[in-house]
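This report refers to the structure that appears directly beneath it.
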Amino acid sequence: MAIPVNIEDLLHKRKIESTRIEFKAGWNPDKIYRTICAFANDFDNIGGGYIVVGVEEESTGIAKRPVVGVPMEELDKIQRDMIGFNHKIEPFYLPRIDVQEVDEKNVLLIWVPAGVNRPYNVRERVTATNQSLCKWYVRNGTNTIEARGEVLDELREMANRIPFDERGNENIEMTDISRALVLDYLQTVNSRLVADFEKLSLSELLSQMDLLVGPVERQLVKNVAAMMFCKNPAQFFPTTQVDIVIFPEGCIKNPNNMIEVPKIVGPVPDMIKQALDYIKTNVIKKRIIKQKDKAESITFFNYPYQAIEEAVVNALYHRDYQEREPVEITIEPDKISILSYAGPDRSISIDAIQKAERLKSRRYRNRRLGDYLKELQLSEGRGTGIPTIQDELRRNGSGPAVIETNEERSYFLIEIPCREGFEDEPLNSMINEPLNDKINDKINDKIKSVLLKISELGIAKRKDLHDAIKISMPTIDRILKQLISEDLNLIEYQGSRKTGGYILTEKGKSFVESMND
């Protein structure tokens, strides 16, 4: 069974945390099955792990190359033996296995997703012919240890705490999942499943990606599949959207002067990218100051992009998808505020929240969603979001971000301050100038003519534009496709195919106004 991660990423411990990867030079089933048990128990809610057999580890922690490998005749025997060893885990657990070629040798890759029926125990020696003692195991950093005392008590108590994104959802049909979005993801992470994509049915793909749960006769699609690969996840998780509101004079000084950006919807990665693209294009601004008697200039931003990126990703990663509230991004002259529901887990102290330095939770609402975002390089390792934001702000010369929540932990608000030196600059100019610079690079006179005609007509059909501007229909189609793309987002289609037409978005209206100035 192909595993939906790239083997080189595992060998170099990229994208997946090192605590979730274990290398074994040879096949030692007693030790390996203790590790399988520990990964399946997933005590720290990190999403299970991977065991790579046939690989030695360097002192730096990455794989030693070339790999040792496992002879083909041994691989066949190992896979046969594993059928029996799996029955020595209670309750029954089936790890996924795959044979991959590395450095012209074969290695055995064992994928151990977090189990849905934890806690699991396993015979201390699965190879023993007698009934050896059953024990519970967990991971402690990069080591597998026996769970005892309070750790075992907590492991047992965690049995009913399955993260929301890992739960099956009887309202999600297989047809709600887009094969195109699945393929795009697999190609992005360079998964071997791409090679078999056309041969596999959607149910087979989702099964191999561990996105189905339940018995064969009634398999349910996991919530995370809809979050990632459904074009409209809001049909299952109402109000799954990002709202961006701009107060050019500040929401206290003049709350009536407000600009509402069209709501951002779609799969979680798309919402993240669209929100960040809007802020990067319309809000973030750079300033360069040349120093006297020095060759080097000082460069800084009103908001460092990496800090905003991490805050937006965290909001969509950690939000409660059962809450009927959007992620709200408020942009004011002196700060950007990002509000999400619900708040931080109660395992995080109020003191840690107020310090806003590092928020380390032992329980994650959407641990699997976090895995996907890291594989897409949209998120860093767990617990690193707030330190990354504060580090980027310090490097930019900005003040620290401030975090707020309430006693009920019903919301999470992070405020990112504008860097000193930009507060007196009108927010409207900060919004429009970079936008027009970016768009002008991609727009020629024909495209401007189409935009002006749509502005004049209010709503325009393809034929209207063809007749008015006298350019070919293929050219019209190409221009419309470019203008409606996520990169520009200057127009959108409104209404049915028969009676509807193209209209300007708010972004398009702003650009046309600037053309007329």
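Order determines the names: the first chain of the structure tokens is A, the second B, and so forth; residues in each chain are numbered 1 upward, and ligands are numbered 1 upward as they are shown.
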Residues at most 12 Å from Leu205 in chain A, counting only C-alpha atoms, excluding those fewer than 4 positions away in the same chain, as a short mmCIF file (atom, residue, chain, number, x, y, z; two decimals) with C-alpha atoms, in the first residue's frame?
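Final output, out.cif:
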data_model
loop_
_atom_site.label_atom_id
_atom_site.label_comp_id
_atom_site.auth_asym_id
_atom_site.auth_seq_id
_atom_site.Cartn_x
_atom_site.Cartn_y
_atom_site.Cartn_z
CA MET A 1 0.00 0.00 0.00
CA ALA A 2 1.47 3.35 -1.07
CA ILE A 3 1.92 5.84 1.78
CA PRO A 4 0.81 9.45 1.09
CA MET A 174 -17.82 10.23 -1.25
CA ILE A 177 -14.74 14.95 -2.21
CA SER A 178 -12.98 16.40 -5.26
CA ARG A 179 -10.55 14.05 -7.01
CA VAL A 182 -6.82 15.22 -3.91
CA LEU A 183 -4.55 14.93 -6.94
CA LEU A 186 -0.62 14.45 -3.75
CA SER A 191 3.43 11.27 -3.02
CA ARG A 192 3.86 7.89 -4.70
CA LEU A 193 0.09 7.64 -4.85
CA VAL A 194 0.23 9.92 -7.90
CA ALA A 195 1.54 7.01 -9.98
CA ASP A 196 -1.54 4.92 -9.17
CA PHE A 197 -4.02 7.78 -9.10
CA GLU A 198 -5.88 6.94 -12.32
CA LYS A 199 -6.10 3.24 -11.43
CA LEU A 200 -7.67 3.78 -8.01
CA SER A 201 -11.27 4.62 -7.23
CA MET A 209 -4.79 8.12 2.77
CA ASP A 210 -6.50 7.02 6.02
CA LEU A 211 -9.46 9.31 5.39
CA LEU A 212 -12.15 6.70 5.98
CA VAL A 221 -15.50 9.96 5.41
CA ALA A 225 -11.24 15.06 4.12
#
Go through range 103-167 of chain A and flag each residue having an atom no more than 10 Å from range 80-85 of chain A; for those, report the closest pair of atoms plus their distance in Å to one decimal, using only C-alpha atoms, ordered by chain and rising number, as CSV.
residue,atom,partner,partner_atom,distance
A:Val122,CA,A:Phe85,CA,9.2
A:Arg123,CA,A:Phe85,CA,9.2
A:Arg125,CA,A:Phe85,CA,9.8
A:Val126,CA,A:Phe85,CA,6.1
A:Thr127,CA,A:Phe85,CA,7.8
Any chance you could tabulate, as a Markdown table, the residues of range 146-199 of chain A at most 12 Å from range 316-327 of chain A with each one's nearest atom pair and distance in Å to one decimal, using only C-alpha atoms, in chain and rising number order?
| residue | atom | partner | partner_atom | distance |
| --- | --- | --- | --- | --- |
| A:Pro163 | CA | A:Asp320 | CA | 10.5 |
| A:Phe164 | CA | A:Tyr321 | CA | 8.0 |
| A:Asp165 | CA | A:Tyr321 | CA | 8.5 |
Residues from last step as file, C-alpha atoms, as a CSV table (one decimal), in the first residue's frame:
chain,number,residue,atom,x,y,z
A,163,PRO,CA,-10.0,15.0,17.6
A,164,PHE,CA,-12.9,16.4,15.6
A,165,ASP,CA,-11.1,16.3,12.3
*Quick one: distance from CA of Ile97 in chain A to CA of Ile36 in chain A in Å, one decimal?*
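Straight-line distance from CA of Ile97 in chain A to CA of Ile36 in chain A works out to 11.7 Å.
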*Write out as a PyMOL selection string all residues of range 130-184 of chain A that backbone DSSP assigns to alpha helix (DSSP H).*
chain A and resi 149-157+179-184
Prev. selection, N, CA and C atoms, output as a PDB file, in the first residue's frame:
ATOM      1  N   GLY A 149       1.455   4.172  35.863  1.00  0.00           N
ATOM      2  CA  GLY A 149       0.975   5.165  36.824  1.00  0.00           C
ATOM      3  C   GLY A 149       0.077   6.210  36.192  1.00  0.00           C
ATOM      4  N   GLU A 150       0.413   7.492  36.431  1.00  0.00           N
ATOM      5  CA  GLU A 150      -0.423   8.580  35.957  1.00  0.00           C
ATOM      6  C   GLU A 150      -0.478   8.637  34.436  1.00  0.00           C
ATOM      7  N   VAL A 151       0.612   8.284  33.774  1.00  0.00           N
ATOM      8  CA  VAL A 151       0.636   8.287  32.314  1.00  0.00           C
ATOM      9  C   VAL A 151      -0.369   7.277  31.769  1.00  0.00           C
ATOM     10  N   LEU A 152      -0.404   6.092  32.370  1.00  0.00           N
ATOM     11  CA  LEU A 152      -1.358   5.072  31.943  1.00  0.00           C
ATOM     12  C   LEU A 152      -2.788   5.520  32.239  1.00  0.00           C
ATOM     13  N   ASP A 153      -2.989   6.157  33.400  1.00  0.00           N
ATOM     14  CA  ASP A 153      -4.329   6.655  33.734  1.00  0.00           C
ATOM     15  C   ASP A 153      -4.800   7.680  32.705  1.00  0.00           C
ATOM     16  N   GLU A 154      -3.900   8.606  32.346  1.00  0.00           N
ATOM     17  CA  GLU A 154      -4.271   9.639  31.371  1.00  0.00           C
ATOM     18  C   GLU A 154      -4.497   9.023  29.999  1.00  0.00           C
ATOM     19  N   LEU A 155      -3.683   8.026  29.638  1.00  0.00           N
ATOM     20  CA  LEU A 155      -3.856   7.349  28.355  1.00  0.00           C
ATOM     21  C   LEU A 155      -5.246   6.710  28.265  1.00  0.00           C
ATOM     22  N   ARG A 156      -5.658   6.079  29.329  1.00  0.00           N
ATOM     23  CA  ARG A 156      -6.980   5.458  29.344  1.00  0.00           C
ATOM     24  C   ARG A 156      -8.081   6.523  29.278  1.00  0.00           C
ATOM     25  N   GLU A 157      -7.857   7.651  29.962  1.00  0.00           N
ATOM     26  CA  GLU A 157      -8.859   8.711  29.981  1.00  0.00           C
ATOM     27  C   GLU A 157      -9.002   9.378  28.616  1.00  0.00           C
ATOM     28  N   ARG A 179     -11.768  14.780  -6.586  1.00  0.00           N
ATOM     29  CA  ARG A 179     -10.554  14.051  -7.013  1.00  0.00           C
ATOM     30  C   ARG A 179      -9.468  15.030  -7.451  1.00  0.00           C
ATOM     31  N   ALA A 180      -9.883  16.127  -8.074  1.00  0.00           N
ATOM     32  CA  ALA A 180      -8.897  17.103  -8.555  1.00  0.00           C
ATOM     33  C   ALA A 180      -8.119  17.710  -7.390  1.00  0.00           C
ATOM     34  N   LEU A 181      -8.818  18.023  -6.291  1.00  0.00           N
ATOM     35  CA  LEU A 181      -8.130  18.583  -5.124  1.00  0.00           C
ATOM     36  C   LEU A 181      -7.220  17.550  -4.469  1.00  0.00           C
ATOM     37  N   VAL A 182      -7.662  16.284  -4.450  1.00  0.00           N
ATOM     38  CA  VAL A 182      -6.818  15.220  -3.905  1.00  0.00           C
ATOM     39  C   VAL A 182      -5.549  15.084  -4.739  1.00  0.00           C
ATOM     40  N   LEU A 183      -5.711  15.070  -6.059  1.00  0.00           N
ATOM     41  CA  LEU A 183      -4.554  14.932  -6.945  1.00  0.00           C
ATOM     42  C   LEU A 183      -3.599  16.107  -6.775  1.00  0.00           C
ATOM     43  N   ASP A 184      -4.138  17.314  -6.694  1.00  0.00           N
ATOM     44  CA  ASP A 184      -3.291  18.495  -6.525  1.00  0.00           C
ATOM     45  C   ASP A 184      -2.454  18.383  -5.251  1.00  0.00           C
TER      46      ASP A 184
END
*asked:* Using only C-alpha atoms, which protein or nucleic acid residues come within 12 Å of Val116 in chain A? Drop anything in the same chain fewer than 4 positions from it, and give the result as a PyMOL selection string.
replied: chain A and resi 39-42+45+47-48+91-94+112+120+158-168+210+212-214+222
Now that the selection is made, can you save its residues with N, CA and C atoms as a PDB file, in the first residue's frame?
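This went into selection.pdb:
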ATOM      1  N   PHE A  39       2.880   4.568  18.838  1.00  0.00           N
ATOM      2  CA  PHE A  39       2.379   5.502  17.831  1.00  0.00           C
ATOM      3  C   PHE A  39       0.855   5.428  17.727  1.00  0.00           C
ATOM      4  N   ALA A  40       0.296   4.229  17.795  1.00  0.00           N
ATOM      5  CA  ALA A  40      -1.157   4.061  17.703  1.00  0.00           C
ATOM      6  C   ALA A  40      -1.849   4.718  18.895  1.00  0.00           C
ATOM      7  N   ASN A  41      -1.226   4.666  20.084  1.00  0.00           N
ATOM      8  CA  ASN A  41      -1.805   5.310  21.266  1.00  0.00           C
ATOM      9  C   ASN A  41      -1.749   6.830  21.160  1.00  0.00           C
ATOM     10  N   ASP A  42      -0.737   7.337  20.472  1.00  0.00           N
ATOM     11  CA  ASP A  42      -0.642   8.771  20.173  1.00  0.00           C
ATOM     12  C   ASP A  42      -0.924   9.627  21.406  1.00  0.00           C
ATOM     13  N   ASN A  45      -1.105  13.338  20.961  1.00  0.00           N
ATOM     14  CA  ASN A  45      -1.995  13.807  19.896  1.00  0.00           C
ATOM     15  C   ASN A  45      -1.223  14.458  18.747  1.00  0.00           C
ATOM     16  N   GLY A  47      -0.552  12.635  15.873  1.00  0.00           N
ATOM     17  CA  GLY A  47      -0.951  12.021  14.616  1.00  0.00           C
ATOM     18  C   GLY A  47      -0.299  10.701  14.283  1.00  0.00           C
ATOM     19  N   GLY A  48       0.219   9.978  15.298  1.00  0.00           N
ATOM     20  CA  GLY A  48       0.870   8.697  14.993  1.00  0.00           C
ATOM     21  C   GLY A  48       2.279   8.904  14.478  1.00  0.00           C
ATOM     22  N   PRO A  91      -6.990  -3.357  21.502  1.00  0.00           N
ATOM     23  CA  PRO A  91      -7.815  -4.004  20.478  1.00  0.00           C
ATOM     24  C   PRO A  91      -7.056  -4.098  19.155  1.00  0.00           C
ATOM     25  N   PHE A  92      -7.581  -4.885  18.247  1.00  0.00           N
ATOM     26  CA  PHE A  92      -6.864  -5.155  16.998  1.00  0.00           C
ATOM     27  C   PHE A  92      -6.518  -3.856  16.274  1.00  0.00           C
ATOM     28  N   TYR A  93      -5.291  -3.790  15.770  1.00  0.00           N
ATOM     29  CA  TYR A  93      -4.827  -2.610  15.050  1.00  0.00           C
ATOM     30  C   TYR A  93      -4.046  -3.068  13.831  1.00  0.00           C
ATOM     31  N   LEU A  94      -4.289  -2.392  12.694  1.00  0.00           N
ATOM     32  CA  LEU A  94      -3.628  -2.778  11.446  1.00  0.00           C
ATOM     33  C   LEU A  94      -2.783  -1.618  10.927  1.00  0.00           C
ATOM     34  N   VAL A 112       1.860   4.313  10.918  1.00  0.00           N
ATOM     35  CA  VAL A 112       1.030   4.016  12.088  1.00  0.00           C
ATOM     36  C   VAL A 112       0.188   5.250  12.426  1.00  0.00           C
ATOM     37  N   TYR A 120      -4.197   1.158  23.275  1.00  0.00           N
ATOM     38  CA  TYR A 120      -3.780  -0.148  22.780  1.00  0.00           C
ATOM     39  C   TYR A 120      -2.704  -0.718  23.690  1.00  0.00           C
ATOM     40  N   MET A 158      -7.934   9.330  27.808  1.00  0.00           N
ATOM     41  CA  MET A 158      -7.949   9.942  26.480  1.00  0.00           C
ATOM     42  C   MET A 158      -8.734   9.131  25.463  1.00  0.00           C
ATOM     43  N   ALA A 159      -9.167   7.942  25.832  1.00  0.00           N
ATOM     44  CA  ALA A 159      -9.774   7.024  24.869  1.00  0.00           C
ATOM     45  C   ALA A 159     -10.932   7.642  24.107  1.00  0.00           C
ATOM     46  N   ASN A 160     -11.721   8.476  24.787  1.00  0.00           N
ATOM     47  CA  ASN A 160     -12.903   9.036  24.148  1.00  0.00           C
ATOM     48  C   ASN A 160     -12.673  10.419  23.554  1.00  0.00           C
ATOM     49  N   ARG A 161     -11.419  10.873  23.558  1.00  0.00           N
ATOM     50  CA  ARG A 161     -11.132  12.203  23.053  1.00  0.00           C
ATOM     51  C   ARG A 161     -10.536  12.128  21.652  1.00  0.00           C
ATOM     52  N   ILE A 162     -11.321  11.733  20.697  1.00  0.00           N
ATOM     53  CA  ILE A 162     -10.854  11.690  19.313  1.00  0.00           C
ATOM     54  C   ILE A 162     -10.987  13.091  18.733  1.00  0.00           C
ATOM     55  N   PRO A 163      -9.914  13.660  18.190  1.00  0.00           N
ATOM     56  CA  PRO A 163     -10.007  15.005  17.615  1.00  0.00           C
ATOM     57  C   PRO A 163     -11.129  15.091  16.578  1.00  0.00           C
ATOM     58  N   PHE A 164     -11.745  16.255  16.484  1.00  0.00           N
ATOM     59  CA  PHE A 164     -12.901  16.432  15.615  1.00  0.00           C
ATOM     60  C   PHE A 164     -12.586  16.085  14.168  1.00  0.00           C
ATOM     61  N   ASP A 165     -11.417  16.497  13.689  1.00  0.00           N
ATOM     62  CA  ASP A 165     -11.137  16.274  12.268  1.00  0.00           C
ATOM     63  C   ASP A 165     -10.907  14.810  11.935  1.00  0.00           C
ATOM     64  N   GLU A 166     -10.660  13.967  12.939  1.00  0.00           N
ATOM     65  CA  GLU A 166     -10.445  12.539  12.700  1.00  0.00           C
ATOM     66  C   GLU A 166     -11.745  11.734  12.788  1.00  0.00           C
ATOM     67  N   ARG A 167     -12.832  12.382  13.175  1.00  0.00           N
ATOM     68  CA  ARG A 167     -14.093  11.660  13.318  1.00  0.00           C
ATOM     69  C   ARG A 167     -14.772  11.461  11.961  1.00  0.00           C
ATOM     70  N   GLY A 168     -15.473  10.337  11.825  1.00  0.00           N
ATOM     71  CA  GLY A 168     -16.270  10.117  10.630  1.00  0.00           C
ATOM     72  C   GLY A 168     -17.509  10.988  10.657  1.00  0.00           C
ATOM     73  N   ASP A 210      -5.944   7.101   4.663  1.00  0.00           N
ATOM     74  CA  ASP A 210      -6.498   7.019   6.017  1.00  0.00           C
ATOM     75  C   ASP A 210      -7.526   8.125   6.257  1.00  0.00           C
ATOM     76  N   LEU A 212     -10.892   7.383   5.740  1.00  0.00           N
ATOM     77  CA  LEU A 212     -12.148   6.698   5.984  1.00  0.00           C
ATOM     78  C   LEU A 212     -12.078   6.014   7.341  1.00  0.00           C
ATOM     79  N   VAL A 213     -13.217   5.865   7.987  1.00  0.00           N
ATOM     80  CA  VAL A 213     -13.252   5.233   9.291  1.00  0.00           C
ATOM     81  C   VAL A 213     -14.483   4.345   9.361  1.00  0.00           C
ATOM     82  N   GLY A 214     -14.378   3.280  10.146  1.00  0.00           N
ATOM     83  CA  GLY A 214     -15.522   2.388  10.314  1.00  0.00           C
ATOM     84  C   GLY A 214     -15.361   1.103   9.528  1.00  0.00           C
ATOM     85  N   LYS A 222     -13.876  10.979   6.897  1.00  0.00           N
ATOM     86  CA  LYS A 222     -13.456  11.795   8.031  1.00  0.00           C
ATOM     87  C   LYS A 222     -13.666  13.284   7.738  1.00  0.00           C
TER      88      LYS A 222
END
*Using the chain letters and numbers from this document, which residues of range 160-375 of chain A does DSSP assign to strand (DSSP E), as an MDAnalysis selection string?*
chainID A and resid 168:169 212:213 220:222 242:246 259:260 286:290 297:301 327:332 335:340
Do a neighbour search on range 59-66 of chain A at 7 Å with only C-alpha atoms, toss out local chain neighbours closer than 3 positions, and write the hits as a short mmCIF file (atom, residue, chain, number, x, y, z; two decimals) with N, CA and C atoms, in the first residue's frame.
data_model
loop_
_atom_site.label_atom_id
_atom_site.label_comp_id
_atom_site.auth_asym_id
_atom_site.auth_seq_id
_atom_site.Cartn_x
_atom_site.Cartn_y
_atom_site.Cartn_z
N LEU A 11 13.23 10.43 5.34
CA LEU A 11 14.65 10.16 5.57
C LEU A 11 15.39 11.41 6.04
N HIS A 12 14.97 12.58 5.55
CA HIS A 12 15.62 13.83 5.96
C HIS A 12 14.87 14.52 7.10
N LYS A 13 13.79 13.87 7.56
CA LYS A 13 12.95 14.42 8.64
C LYS A 13 12.49 15.83 8.31
N VAL A 55 17.12 1.19 7.66
CA VAL A 55 17.79 2.49 7.65
C VAL A 55 18.47 2.71 8.99
N GLU A 56 19.75 3.06 8.95
CA GLU A 56 20.48 3.45 10.16
C GLU A 56 20.37 4.97 10.34
N ASP A 103 18.18 4.28 -2.67
CA ASP A 103 19.61 3.98 -2.93
C ASP A 103 19.77 2.59 -3.52
#
*Between A:Ile471, A:Ile329, A:Ala460, A:Leu202, single out the one closest to Phe247 in chain A, counting only C-alpha atoms.*
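Closest to Phe247 in chain A, using only C-alpha atoms: A:Ile329.
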_Between A:Leu133, A:Met473, A:Val268, A:Leu504, which residue has the minimum interatomic distance to Leu457 in chain A, considering only C-alpha atoms?_
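Checking each candidate against Leu457 in chain A, we get A:Leu504 as the closest.
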*Ala275 in chain A: which residues within 12 Å, counting only C-alpha atoms, same-chain residues fewer than 2 positions away excluded, as a PyMOL selection string?*
chain A and resi 241-245+261-266+268-273+277-283+305+308-313+315-316+327-330+338+486-487
Keeping only C-alpha atoms, write those residues as a PDB file, in the first residue's frame.
ATOM      1  CA  GLN A 241     -15.132  31.235   6.008  1.00  0.00           C
ATOM      2  CA  VAL A 242     -12.760  34.147   6.517  1.00  0.00           C
ATOM      3  CA  ASP A 243     -14.188  37.657   6.856  1.00  0.00           C
ATOM      4  CA  ILE A 244     -11.843  40.607   6.284  1.00  0.00           C
ATOM      5  CA  VAL A 245     -12.994  44.052   7.441  1.00  0.00           C
ATOM      6  CA  VAL A 261     -14.016  42.349   1.627  1.00  0.00           C
ATOM      7  CA  PRO A 262     -16.092  39.577  -0.041  1.00  0.00           C
ATOM      8  CA  LYS A 263     -16.078  36.548   2.224  1.00  0.00           C
ATOM      9  CA  ILE A 264     -13.366  33.977   1.566  1.00  0.00           C
ATOM     10  CA  VAL A 265     -14.604  30.385   1.313  1.00  0.00           C
ATOM     11  CA  GLY A 266     -13.428  27.000   0.037  1.00  0.00           C
ATOM     12  CA  VAL A 268      -8.920  25.289   4.220  1.00  0.00           C
ATOM     13  CA  PRO A 269      -5.634  25.619   2.247  1.00  0.00           C
ATOM     14  CA  ASP A 270      -7.407  27.806  -0.331  1.00  0.00           C
ATOM     15  CA  MET A 271      -8.890  30.066   2.354  1.00  0.00           C
ATOM     16  CA  ILE A 272      -5.441  30.483   3.892  1.00  0.00           C
ATOM     17  CA  LYS A 273      -3.865  31.357   0.541  1.00  0.00           C
ATOM     18  CA  ASP A 277      -2.753  36.960  -0.868  1.00  0.00           C
ATOM     19  CA  TYR A 278      -5.215  39.738  -0.075  1.00  0.00           C
ATOM     20  CA  ILE A 279      -3.203  41.011   2.881  1.00  0.00           C
ATOM     21  CA  LYS A 280       0.116  40.702   1.058  1.00  0.00           C
ATOM     22  CA  THR A 281      -1.232  42.528  -1.999  1.00  0.00           C
ATOM     23  CA  ASN A 282      -3.390  45.169  -0.333  1.00  0.00           C
ATOM     24  CA  VAL A 283      -2.005  45.806   3.148  1.00  0.00           C
ATOM     25  CA  TYR A 305       4.460  38.735   6.204  1.00  0.00           C
ATOM     26  CA  ILE A 308       0.696  37.393   9.518  1.00  0.00           C
ATOM     27  CA  GLU A 309       1.020  34.053   7.716  1.00  0.00           C
ATOM     28  CA  GLU A 310       1.528  32.132  10.943  1.00  0.00           C
ATOM     29  CA  ALA A 311      -1.381  33.899  12.662  1.00  0.00           C
ATOM     30  CA  VAL A 312      -3.809  33.219   9.792  1.00  0.00           C
ATOM     31  CA  VAL A 313      -2.749  29.571   9.548  1.00  0.00           C
ATOM     32  CA  ALA A 315      -6.614  30.623  13.240  1.00  0.00           C
ATOM     33  CA  LEU A 316      -7.843  28.139  10.621  1.00  0.00           C
ATOM     34  CA  VAL A 327     -12.441  33.659  11.284  1.00  0.00           C
ATOM     35  CA  GLU A 328     -12.467  37.467  11.422  1.00  0.00           C
ATOM     36  CA  ILE A 329      -9.520  39.579  10.277  1.00  0.00           C
ATOM     37  CA  THR A 330      -9.825  43.271  11.196  1.00  0.00           C
ATOM     38  CA  ILE A 338      -7.326  37.931  13.953  1.00  0.00           C
ATOM     39  CA  GLU A 486      -7.354  33.884  -7.694  1.00  0.00           C
ATOM     40  CA  ASP A 487      -4.202  35.780  -8.587  1.00  0.00           C
TER      41      ASP A 487
END
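Excluding Ser398 in chain A itself and same-chain residues fewer than 2 positions from it, the residues having an atom within 10 Å of it are Phe300, Phe301, Asn302, Tyr303, Pro304, Gln390, Asp391, Glu392, Leu393, Arg394, Arg395, Asn396, Pro400, Ala401, Ile416, Pro417, Cys418, Arg419, Glu420 and Gly421 of chain A, counting only C-alpha atoms.
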Restricting the output to N, CA and C atoms, write the selected residues as an mmCIF file, in the first residue's frame.
data_model
loop_
_atom_site.group_PDB
_atom_site.id
_atom_site.type_symbol
_atom_site.label_atom_id
_atom_site.label_comp_id
_atom_site.auth_asym_id
_atom_site.auth_seq_id
_atom_site.Cartn_x
_atom_site.Cartn_y
_atom_site.Cartn_z
ATOM 1 N N PHE A 300 12.243 47.729 6.399
ATOM 2 C CA PHE A 300 11.277 47.134 7.314
ATOM 3 C C PHE A 300 9.879 47.246 6.710
ATOM 4 N N PHE A 301 8.927 46.568 7.332
ATOM 5 C CA PHE A 301 7.556 46.492 6.819
ATOM 6 C C PHE A 301 6.590 46.982 7.891
ATOM 7 N N ASN A 302 5.416 47.414 7.433
ATOM 8 C CA ASN A 302 4.394 47.735 8.428
ATOM 9 C C ASN A 302 3.985 46.475 9.199
ATOM 10 N N TYR A 303 3.929 45.343 8.485
ATOM 11 C CA TYR A 303 3.668 44.043 9.112
ATOM 12 C C TYR A 303 4.559 42.995 8.434
ATOM 13 N N PRO A 304 5.367 42.258 9.179
ATOM 14 C CA PRO A 304 6.162 41.206 8.548
ATOM 15 C C PRO A 304 5.235 40.082 8.062
ATOM 16 N N GLN A 390 6.313 36.199 17.216
ATOM 17 C CA GLN A 390 7.045 37.170 18.030
ATOM 18 C C GLN A 390 8.460 37.395 17.499
ATOM 19 N N ASP A 391 9.110 36.333 17.016
ATOM 20 C CA ASP A 391 10.466 36.485 16.459
ATOM 21 C C ASP A 391 10.452 37.378 15.219
ATOM 22 N N GLU A 392 9.468 37.164 14.343
ATOM 23 C CA GLU A 392 9.390 37.970 13.120
ATOM 24 C C GLU A 392 9.104 39.427 13.442
ATOM 25 N N LEU A 393 8.253 39.659 14.435
ATOM 26 C CA LEU A 393 7.970 41.040 14.841
ATOM 27 C C LEU A 393 9.208 41.713 15.422
ATOM 28 N N ARG A 394 9.964 40.982 16.249
ATOM 29 C CA ARG A 394 11.198 41.541 16.813
ATOM 30 C C ARG A 394 12.185 41.890 15.709
ATOM 31 N N ARG A 395 12.343 40.973 14.750
ATOM 32 C CA ARG A 395 13.296 41.218 13.663
ATOM 33 C C ARG A 395 12.888 42.434 12.831
ATOM 34 N N ASN A 396 11.592 42.683 12.751
ATOM 35 C CA ASN A 396 11.103 43.815 11.960
ATOM 36 C C ASN A 396 11.138 45.126 12.741
ATOM 37 N N PRO A 400 5.508 43.553 20.308
ATOM 38 C CA PRO A 400 5.054 42.164 20.378
ATOM 39 C C PRO A 400 3.553 42.032 20.119
ATOM 40 N N ALA A 401 3.158 40.870 19.639
ATOM 41 C CA ALA A 401 1.742 40.559 19.478
ATOM 42 C C ALA A 401 1.114 40.326 20.845
ATOM 43 N N ILE A 416 -1.725 42.006 16.110
ATOM 44 C CA ILE A 416 -0.367 42.204 15.607
ATOM 45 C C ILE A 416 -0.192 43.694 15.325
ATOM 46 N N PRO A 417 0.714 44.358 16.049
ATOM 47 C CA PRO A 417 0.836 45.819 15.921
ATOM 48 C C PRO A 417 1.534 46.245 14.630
ATOM 49 N N CYS A 418 1.129 47.427 14.156
ATOM 50 C CA CYS A 418 1.809 48.022 13.005
ATOM 51 C C CYS A 418 3.169 48.558 13.466
ATOM 52 N N ARG A 419 4.150 48.408 12.647
ATOM 53 C CA ARG A 419 5.488 48.874 12.992
ATOM 54 C C ARG A 419 5.516 50.399 13.064
ATOM 55 N N GLU A 420 6.195 50.936 14.053
ATOM 56 C CA GLU A 420 6.285 52.380 14.226
ATOM 57 C C GLU A 420 6.835 53.027 12.956
ATOM 58 N N GLY A 421 6.176 54.108 12.554
ATOM 59 C CA GLY A 421 6.594 54.788 11.329
ATOM 60 C C GLY A 421 5.566 54.694 10.233
#
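From CA of Tyr137 in chain A back to CA of Ala38 in chain A, the distance works out to 4.7 Å.
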*What is the distance between CA of Glu22 in chain A and CA of Ile51 in chain A, in Å to one decimal?*
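Calculated distance between CA of Glu22 in chain A and CA of Ile51 in chain A is 4.8 Å.
Close contacts of Met72 in chain A, defined as residues with an atom at most 12 Å away when counting only C-alpha atoms, with chain neighbours fewer than 5 positions off set aside, comprise Gly54, Lys77, Ile78, Gln79, Val99, Gln100, Glu101, Lys105, Asn106, Val107 and Leu108 of chain A.
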